[in-house]
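J.: Sharing target-v4.cif (mmCIF, C-alpha atoms and all ligand atoms) below.
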data_query
#
loop_
_atom_site.label_atom_id
_atom_site.label_comp_id
_atom_site.auth_asym_id
_atom_site.auth_seq_id
_atom_site.Cartn_x
_atom_site.Cartn_y
_atom_site.Cartn_z
CA MET A 8 103.88 81.77 114.65
CA THR A 9 107.58 82.31 114.11
CA ARG A 10 110.23 83.09 116.70
CA VAL A 11 113.09 85.48 116.17
CA THR A 12 115.87 86.08 118.68
CA ILE A 13 117.53 89.48 118.71
CA ARG A 14 120.25 90.14 121.30
CA GLY A 15 118.70 87.57 123.62
CA PHE A 16 115.13 88.85 123.26
CA ASP A 17 112.91 86.00 122.06
CA ILE A 18 110.15 87.52 119.95
CA TYR A 19 107.18 85.28 119.17
CA LYS A 20 105.69 86.93 116.07
CA GLY A 21 101.95 86.34 115.82
CA TYR A 22 101.74 84.47 119.14
CA LEU A 23 98.15 85.72 119.67
CA ASP A 24 95.67 85.36 116.84
CA THR A 25 93.00 88.04 116.28
CA GLY A 26 90.49 86.25 118.53
CA ALA A 27 92.97 86.02 121.41
CA GLN A 28 93.91 89.70 120.99
CA THR A 29 90.24 90.74 121.12
CA ARG A 30 89.72 88.55 124.20
CA LEU A 31 92.66 90.26 125.96
CA ILE A 32 91.19 93.69 125.25
CA GLU A 33 87.90 92.47 126.76
CA VAL A 34 89.55 91.23 129.97
CA LEU A 35 91.55 94.47 130.22
CA ARG A 36 88.41 96.61 130.17
CA PRO A 37 87.46 95.97 133.85
CA VAL A 38 91.13 96.35 134.84
CA LEU A 39 91.25 99.82 133.28
CA LYS A 40 87.92 100.68 134.88
CA SER A 41 89.09 99.87 138.43
CA ALA A 42 92.65 101.14 137.89
CA PRO A 43 92.43 104.03 135.39
CA LEU A 44 95.41 104.96 133.22
CA PHE A 45 97.53 107.77 134.65
CA ARG A 46 100.46 109.72 133.28
CA PRO A 47 103.59 109.13 135.37
CA THR A 48 106.15 111.84 136.00
CA THR A 49 109.85 111.06 135.97
CA ALA A 50 111.98 111.78 139.04
CA ARG A 51 113.09 114.93 137.19
CA GLY A 52 109.47 116.10 136.99
CA LYS A 53 108.89 115.47 133.29
CA GLU A 54 105.57 113.90 132.23
CA MET A 55 105.89 110.65 130.29
CA SER A 56 104.08 110.41 126.94
CA VAL A 57 102.89 106.88 127.75
CA ARG A 58 99.93 106.42 130.12
CA MET A 59 100.09 103.51 132.55
CA THR A 60 98.35 101.37 135.08
CA SER A 61 98.90 97.92 136.59
CA ALA A 62 97.32 94.69 137.72
CA GLY A 63 98.70 92.31 140.33
CA THR A 64 99.99 92.63 143.89
CA HIS A 65 102.55 95.22 142.77
CA GLY A 66 102.17 98.10 140.32
CA TRP A 67 104.92 100.23 138.85
CA VAL A 68 104.74 103.94 139.58
CA SER A 69 106.99 106.90 138.94
CA ASP A 70 106.84 110.38 140.41
CA ARG A 71 109.15 112.91 142.05
CA ARG A 72 110.16 110.20 144.52
CA GLY A 73 111.48 108.02 141.70
CA TYR A 74 110.62 104.64 140.15
CA ARG A 75 109.25 101.87 142.34
CA TYR A 76 106.56 99.25 142.83
CA GLU A 77 103.58 100.09 145.05
CA PRO A 78 100.72 97.92 146.42
CA ALA A 79 98.08 100.47 145.33
CA HIS A 80 97.11 102.78 142.46
CA PRO A 81 98.02 106.49 142.99
CA ALA A 82 94.27 107.15 143.51
CA GLY A 83 94.38 104.81 146.53
CA ALA A 84 92.71 101.49 145.69
CA GLY A 85 94.62 98.21 145.43
CA TRP A 86 95.48 97.02 141.92
CA PRO A 87 93.05 94.53 140.31
CA ALA A 88 94.14 90.91 139.87
CA ILE A 89 96.03 89.88 136.75
CA PRO A 90 93.45 88.25 134.43
CA GLU A 91 93.83 84.50 133.95
CA GLU A 92 94.15 84.89 130.15
CA ILE A 93 97.30 86.95 130.70
CA LEU A 94 98.78 84.54 133.25
CA GLY A 95 98.33 81.78 130.67
CA ILE A 96 100.80 83.54 128.34
CA TRP A 97 103.38 83.68 131.15
CA ARG A 98 102.90 79.99 131.99
CA ASP A 99 103.16 78.92 128.37
CA LEU A 100 106.28 80.90 127.46
CA THR A 101 108.27 80.72 130.72
CA GLY A 102 107.23 77.28 132.01
CA LEU A 103 107.63 78.69 135.52
CA GLU A 104 105.55 77.70 138.57
CA ARG A 105 106.16 81.19 139.97
CA LEU A 106 103.58 83.61 138.60
CA PRO A 107 104.24 87.32 138.00
CA ASP A 108 103.51 89.86 140.75
CA SER A 109 102.88 92.63 138.29
CA CYS A 110 101.28 93.29 134.93
CA LEU A 111 102.16 96.79 133.81
CA VAL A 112 99.74 98.19 131.22
CA ASN A 113 101.25 100.86 128.97
CA TYR A 114 99.04 102.84 126.59
CA TYR A 115 100.61 104.67 123.65
CA GLY A 116 98.45 107.30 121.99
CA GLU A 117 99.51 109.25 118.90
CA GLY A 118 103.10 110.47 119.30
CA ALA A 119 103.85 108.50 122.48
CA ARG A 120 107.25 106.85 122.86
CA MET A 121 109.43 105.32 125.54
CA GLY A 122 113.07 106.21 125.97
CA MET A 123 115.84 103.64 126.26
CA HIS A 124 115.79 102.05 129.71
CA GLN A 125 116.65 98.95 131.69
CA ASP A 126 114.00 97.08 133.69
CA ARG A 127 115.81 97.06 137.01
CA ASP A 128 113.29 97.87 139.74
CA GLU A 129 112.74 94.17 140.52
CA ALA A 130 114.52 92.17 143.24
CA ASP A 131 115.56 89.10 141.24
CA PHE A 132 116.81 89.41 137.66
CA SER A 133 116.85 85.62 137.19
CA TYR A 134 113.15 85.88 136.33
CA PRO A 135 112.30 86.93 132.77
CA VAL A 136 110.04 89.77 131.66
CA VAL A 137 107.22 88.85 129.26
CA SER A 138 105.88 91.63 127.02
CA VAL A 139 102.65 91.51 124.96
CA SER A 140 101.94 93.97 122.12
CA LEU A 141 98.34 94.88 121.21
CA GLY A 142 97.11 97.44 118.71
CA ASP A 143 99.28 99.72 116.62
CA ASP A 144 102.73 98.68 115.37
CA ALA A 145 105.69 99.88 117.41
CA LEU A 146 109.37 100.29 116.59
CA PHE A 147 111.27 98.52 119.37
CA ARG A 148 114.96 99.35 119.79
CA ILE A 149 117.34 96.95 121.54
CA GLY A 150 120.72 98.13 122.78
CA ASN A 151 123.28 96.74 125.17
CA THR A 152 123.62 96.00 128.90
CA THR A 153 125.30 99.37 129.34
CA ARG A 154 123.88 102.64 127.99
CA GLY A 155 124.84 103.60 124.44
CA GLY A 156 126.51 101.64 121.65
CA LYS A 157 125.03 100.12 118.53
CA THR A 158 121.38 99.12 118.57
CA GLU A 159 119.03 96.95 116.50
CA SER A 160 115.37 97.72 115.85
CA VAL A 161 112.38 95.52 115.15
CA TRP A 162 108.71 96.31 114.52
CA LEU A 163 106.40 94.77 117.12
CA ASN A 164 102.92 94.07 115.74
CA SER A 165 99.67 93.32 117.51
CA GLY A 166 99.79 89.79 118.92
CA ASP A 167 103.58 89.59 119.18
CA VAL A 168 105.03 88.52 122.54
CA ALA A 169 108.63 89.19 123.58
CA VAL A 170 110.52 87.44 126.38
CA MET A 171 113.54 89.18 127.88
CA GLY A 172 115.47 86.81 130.11
CA GLY A 173 118.82 85.25 130.89
CA PRO A 174 121.79 87.37 129.80
CA ALA A 175 119.38 89.79 128.05
CA ARG A 176 117.46 90.63 131.26
CA LEU A 177 119.28 93.93 131.82
CA THR A 178 119.56 95.01 128.17
CA TYR A 179 118.57 98.61 127.36
CA HIS A 180 115.47 98.89 125.17
CA GLY A 181 112.80 101.41 124.21
CA ILE A 182 110.00 102.31 121.81
CA ASP A 183 111.03 104.95 119.25
CA ARG A 184 107.54 105.47 117.83
CA ILE A 185 104.28 103.83 116.94
CA ARG A 186 102.45 103.80 113.62
CA PHE A 187 99.29 105.44 114.91
CA GLY A 188 96.20 103.99 113.29
CA SER A 189 97.95 100.92 111.83
CA SER A 190 95.66 98.52 113.74
CA ARG A 191 91.92 98.44 114.29
CA LEU A 192 92.10 96.41 117.52
CA LEU A 193 91.56 99.43 119.79
CA PRO A 194 88.50 101.54 118.90
CA LYS A 195 90.38 104.82 119.46
CA GLY A 196 93.65 103.56 118.00
CA GLY A 197 96.98 103.43 119.77
CA ARG A 198 98.93 100.61 121.34
CA ILE A 199 98.77 98.66 124.58
CA ASN A 200 101.84 96.89 125.88
CA LEU A 201 101.59 94.48 128.82
CA THR A 202 104.73 93.58 130.74
CA LEU A 203 104.66 90.74 133.25
CA ARG A 204 107.25 90.64 136.02
CA VAL A 205 108.20 88.90 139.23
CA VAL A 206 108.89 91.85 141.52
CA THR A 207 109.78 90.58 145.00
C1 LIG A 301 106.85 98.48 125.11
N1 LIG A 301 108.44 97.46 126.50
O1 LIG A 301 106.90 97.49 124.37
C2 LIG A 301 107.87 98.69 126.16
N2 LIG A 301 110.45 95.85 128.89
O2 LIG A 301 105.97 99.33 125.01
C3 LIG A 301 109.33 97.33 127.47
O3 LIG A 301 109.77 98.27 128.09
C4 LIG A 301 109.83 96.00 127.75
O4 LIG A 301 109.04 95.05 125.73
C5 LIG A 301 110.94 94.66 129.21
C6 LIG A 301 110.81 93.56 128.41
C7 LIG A 301 110.17 93.67 127.23
C8 LIG A 301 109.65 94.92 126.88
FE FE A 302 111.14 97.77 129.63
#
Do you think you could lay out the structure here as structure tokens?

T.:
Amino acid sequence: MTRVTIRGFDIYKGYLDTGAQTRLIEVLRPVLKSAPLFRPTTARGKEMSVRMTSAGTHGWVSDRRGYRYEPAHPAGAGWPAIPEEILGIWRDLTGLERLPDSCLVNYYGEGARMGMHQDRDEADFSYPVVSVSLGDDALFRIGNTTRGGKTESVWLNSGDVAVMGGPARLTYHGIDRIRFGSSRLLPKGGRINLTLRVVT
């Protein structure tokens, strides 16, 4: 494993070996079964290309009413618990006693992307965000704490984990594109990104 730091994002390249990646996909299967992926709509009514779901006490949702955390899936049931294997990554990389309230699961199929955004729907920005990449390679773009300006890009590969904390916590970032089919981790291809957050 090697660590690179880009604009305050600590990226642990190859943090998860192939066995650990496969294990994570296995523990995510029941999560996706009880909380199926859905396609959020932005406040402006545009469908996102990424499909999402969550685990934890709080799940991130977006619809005509805007972005927010909710205690239940849009279909009505509470979110499943965050699997222990995922909490272990948080403990190891943050060293915090406080565990995350939310594990957002993003699925990128062919052509999916995520526009530049800040993670700012949480109450306390002193807690970091931990992000796990699984499956196809993704081009991650890192900007500034205000919109616009010069950016730097880095490819995130399956098994990489990024930690966004400290002064970087409110940095704009996004996924320009994925290399669909570059990994064989997911049977149907695509990419899963997990983001762990303290919400309340
Ligand atoms: C993604 N990641 O990797 C999108 N947010 O698919 C994020 O939006 C993100 O990687 C906060 C911290 C790290 C991230
Ligand atoms: Fe984000």

J.: Kindly extract all protein, DNA and RNA residues lying within 12 Å of the coordinates (93.2, 100.9, 142.4) given in the file, considering all atoms listed in the file, and supply them as a PyMOL selection string.

T.: chain A and resi 37-45+60-66+77-88

J.: Quick one: of A:Tyr115, A:Phe16, A:Trp97, A:Trp67, who's nearest to A:Val137, counting only C-alpha atoms?

T.: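 Checking each of A:Tyr115, A:Phe16, A:Trp97, A:Trp67 against A:Val137, counting only C-alpha atoms, the winner is A:Trp97.
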
J.: By how many Å are atom CA of A:Val57 and atom CA of A:Thr101 apart?

T.: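 About the pair atom CA of A:Val57 and atom CA of A:Thr101: they are 26.9 Å apart.
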
J.: Sorted by chain and rising residue number, which residues of chain A lie within 7 Å of ligand FE 302 (chain A), and what are their closest atom pairs and distances in Å to one decimal, counting only C-alpha atoms and all ligand atoms, as CSV?

T.:
residue,atom,partner,partner_atom,distance
A:His124,CA,A:FE302,FE,6.3
A:Gln125,CA,A:FE302,FE,6.0
A:Asp126,CA,A:FE302,FE,5.0
A:His180,CA,A:FE302,FE,6.3
A:Gly181,CA,A:FE302,FE,6.7

J.: I need the residue nearest ligand LIG 301 (chain A) from this list: A:Arg186, A:Arg127, A:Arg10, A:Lys157. Use only C-alpha atoms and all ligand atoms for the distance.

T.: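 Using only C-alpha atoms and all ligand atoms, ligand LIG 301 (chain A) sits closest to A:Arg127.
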
J.: Find the nearest atom pair between each residue of chain A and ligand LIG 301 (chain A) for residues within 7 Å, count all atoms listed in the file, give distances in Å to one decimal, sort rows by chain and ascending number, and present the table as JSON lines.

T.:
{"residue": "A:Asn113", "atom": "CA", "partner": "A:LIG301", "partner_atom": "O2", "distance": 6.3}
{"residue": "A:Met121", "atom": "CA", "partner": "A:LIG301", "partner_atom": "C2", "distance": 6.8}
{"residue": "A:Asp126", "atom": "CA", "partner": "A:LIG301", "partner_atom": "C5", "distance": 5.9}
{"residue": "A:Val136", "atom": "CA", "partner": "A:LIG301", "partner_atom": "C6", "distance": 5.1}
{"residue": "A:Val137", "atom": "CA", "partner": "A:LIG301", "partner_atom": "C6", "distance": 6.0}
{"residue": "A:Ser138", "atom": "CA", "partner": "A:LIG301", "partner_atom": "C7", "distance": 4.8}
{"residue": "A:Ser140", "atom": "CA", "partner": "A:LIG301", "partner_atom": "O1", "distance": 6.5}
{"residue": "A:Phe147", "atom": "CA", "partner": "A:LIG301", "partner_atom": "O1", "distance": 6.7}
{"residue": "A:Ala169", "atom": "CA", "partner": "A:LIG301", "partner_atom": "C7", "distance": 6.0}
{"residue": "A:Val170", "atom": "CA", "partner": "A:LIG301", "partner_atom": "C7", "distance": 6.3}
{"residue": "A:Met171", "atom": "CA", "partner": "A:LIG301", "partner_atom": "C6", "distance": 5.2}
{"residue": "A:His180", "atom": "CA", "partner": "A:LIG301", "partner_atom": "O3", "distance": 6.4}
{"residue": "A:Gly181", "atom": "CA", "partner": "A:LIG301", "partner_atom": "O3", "distance": 5.8}
{"residue": "A:Ile182", "atom": "CA", "partner": "A:LIG301", "partner_atom": "O2", "distance": 5.9}
{"residue": "A:Asn200", "atom": "CA", "partner": "A:LIG301", "partner_atom": "O2", "distance": 4.9}
{"residue": "A:Thr202", "atom": "CA", "partner": "A:LIG301", "partner_atom": "C4", "distance": 6.4}

J.: For A:Tyr134, which of A:Thr207, A:Ser190, A:Thr12, A:Ser165 is the closest residue, counting only C-alpha atoms?

T.: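 The shortest atom-to-atom distance to A:Tyr134 comes from A:Thr207.
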
J.: Just how far from atom CA of A:Arg120 is atom CA of A:Gly21, in Å to one decimal?

T.: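 Atom CA of A:Arg120 lies 22.3 Å from atom CA of A:Gly21.
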
J.: Quick check, in Å to one decimal: how far apart do atom CA of A:Cys110 and atom CA of A:Arg204 lie?

T.: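 Atom-to-atom, atom CA of A:Cys110 to atom CA of A:Arg204, that is 6.6 Å.
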
J.: Using all atoms listed in the file, which protein or nucleic acid residues come within 6 Å of stretch 18-20 of chain A? Drop anything in the same chain fewer than 6 positions from it, and give the result as a count of residues only.

T.: 7

J.: Which residues are near A:Leu31? Cut-off 12 Å, only C-alpha atoms, ignore same chain within fewer than 5 positions. Put them as a ChimeraX atom specification.

T.: /A:23-26,36-38,89-96,112,139-142,165-166,192-193,199-201

J.: Hey, could you pull the box centre and edge lengths for stretch 89-106 of chain A, axis-aligned, 3 Å padding per side, all listed atoms, to one decimal in Å, as JSON?

T.:
{"center_x": 100.9, "center_y": 83.6, "center_z": 133.7, "size_x": 20.8, "size_y": 18.6, "size_z": 18.5}

J.: Would you mind listing what lies within 10 Å of A:Ile185 as a list of chain:residue names, with all atoms listed in the file counted and same-chain residues fewer than 4 positions away left out?

T.: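 Using all atoms listed in the file, the neighbours found are A:Tyr115, A:Gly116, A:Glu117, A:Gly118, A:Ala119, A:Arg120, A:Gly142, A:Asp143, A:Asp144, A:Ala145, A:Leu146, A:Phe147, A:Trp162, A:Leu163, A:Asn164, A:Ser189, A:Gly197, A:Arg198.
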
J.: Taking only C-alpha atoms into account, name the residue in A:Thr49, A:Gly155, A:Tyr114, A:Ala175 that is nearest to A:Lys195.

T.: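 Closest candidate: A:Tyr114.
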
J.: Quick one: of A:Leu111, A:Pro174, A:Thr158, A:Tyr179, who's nearest to A:Arg58, counting all atoms listed in the file?

T.: A:Leu111

J.: Compare A:Leu177, A:Ile13, A:Ile149, A:Ile32 by their minimum atom-to-atom distance to A:Asp128, counting all atoms listed in the file, and give me the closest one.

T.: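 Once distances to A:Asp128 are computed over all atoms listed in the file, the minimum belongs to A:Leu177.
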
J.: Would you kindly place all heavy atoms on stretch 172-183 of chain A and return the model as a tab-separated table (two decimals), in the frame of the given file?

T.:
chain	number	residue	atom	x	y	z
A	172	GLY	N	114.98	87.55	128.95
A	172	GLY	CA	115.47	86.81	130.11
A	172	GLY	C	116.92	86.42	129.93
A	172	GLY	O	117.55	86.74	128.93
A	173	GLY	N	117.44	85.71	130.94
A	173	GLY	CA	118.82	85.25	130.89
A	173	GLY	C	119.77	86.43	130.75
A	173	GLY	O	119.54	87.47	131.37
A	174	PRO	N	120.80	86.30	129.93
A	174	PRO	CA	121.79	87.37	129.80
A	174	PRO	C	121.18	88.68	129.26
A	174	PRO	O	121.76	89.74	129.43
A	174	PRO	CB	122.81	86.81	128.80
A	174	PRO	CG	122.55	85.35	128.72
A	174	PRO	CD	121.13	85.12	129.10
A	175	ALA	N	120.00	88.59	128.63
A	175	ALA	CA	119.38	89.79	128.05
A	175	ALA	C	118.55	90.58	129.07
A	175	ALA	O	118.06	91.66	128.76
A	175	ALA	CB	118.48	89.41	126.88
A	176	ARG	N	118.41	90.06	130.27
A	176	ARG	CA	117.46	90.63	131.26
A	176	ARG	C	117.72	92.10	131.55
A	176	ARG	O	116.78	92.84	131.87
A	176	ARG	CB	117.49	89.79	132.54
A	176	ARG	CG	116.57	90.22	133.67
A	176	ARG	CD	115.10	90.18	133.28
A	176	ARG	NE	114.25	90.57	134.42
A	176	ARG	CZ	114.09	91.81	134.85
A	176	ARG	NH1	114.73	92.80	134.23
A	176	ARG	NH2	113.29	92.07	135.87
A	177	LEU	N	118.97	92.53	131.49
A	177	LEU	CA	119.28	93.93	131.82
A	177	LEU	C	119.70	94.74	130.58
A	177	LEU	O	120.38	95.77	130.69
A	177	LEU	CB	120.35	94.00	132.91
A	177	LEU	CG	119.82	93.56	134.30
A	177	LEU	CD1	120.96	93.44	135.30
A	177	LEU	CD2	118.74	94.51	134.82
A	178	THR	N	119.25	94.30	129.42
A	178	THR	CA	119.56	95.01	128.17
A	178	THR	C	118.70	96.28	128.06
A	178	THR	O	117.51	96.26	128.37
A	178	THR	CB	119.28	94.07	126.97
A	178	THR	OG1	120.14	92.94	127.08
A	178	THR	CG2	119.51	94.78	125.65
A	179	TYR	N	119.32	97.36	127.62
A	179	TYR	CA	118.57	98.61	127.36
A	179	TYR	C	117.64	98.41	126.16
A	179	TYR	O	118.01	97.75	125.18
A	179	TYR	CB	119.53	99.76	127.08
A	179	TYR	CG	120.07	100.41	128.33
A	179	TYR	CD1	121.20	99.90	128.97
A	179	TYR	CD2	119.45	101.52	128.89
A	179	TYR	CE1	121.70	100.48	130.14
A	179	TYR	CE2	119.93	102.11	130.05
A	179	TYR	CZ	121.05	101.59	130.67
A	179	TYR	OH	121.52	102.17	131.82
A	180	HIS	N	116.45	99.01	126.26
A	180	HIS	CA	115.47	98.89	125.17
A	180	HIS	C	114.49	100.06	125.27
A	180	HIS	O	114.38	100.69	126.34
A	180	HIS	CB	114.72	97.55	125.29
A	180	HIS	CG	114.06	97.37	126.62
A	180	HIS	ND1	114.75	96.92	127.73
A	180	HIS	CD2	112.81	97.63	127.05
A	180	HIS	CE1	113.94	96.91	128.77
A	180	HIS	NE2	112.75	97.35	128.39
A	181	GLY	N	113.78	100.32	124.19
A	181	GLY	CA	112.80	101.41	124.21
A	181	GLY	C	111.92	101.35	122.96
A	181	GLY	O	112.15	100.52	122.07
A	182	ILE	N	110.91	102.21	122.95
A	182	ILE	CA	110.00	102.31	121.81
A	182	ILE	C	110.23	103.68	121.17
A	182	ILE	O	109.95	104.72	121.77
A	182	ILE	CB	108.52	102.17	122.25
A	182	ILE	CG1	108.25	100.78	122.86
A	182	ILE	CG2	107.58	102.47	121.07
A	182	ILE	CD1	108.22	99.63	121.87
A	183	ASP	N	110.75	103.68	119.94
A	183	ASP	CA	111.03	104.95	119.25
A	183	ASP	C	109.74	105.66	118.83
A	183	ASP	O	109.63	106.88	118.93
A	183	ASP	CB	111.85	104.71	117.99
A	183	ASP	CG	113.31	104.40	118.32
A	183	ASP	OD1	113.71	104.56	119.49
A	183	ASP	OD2	114.04	104.01	117.39
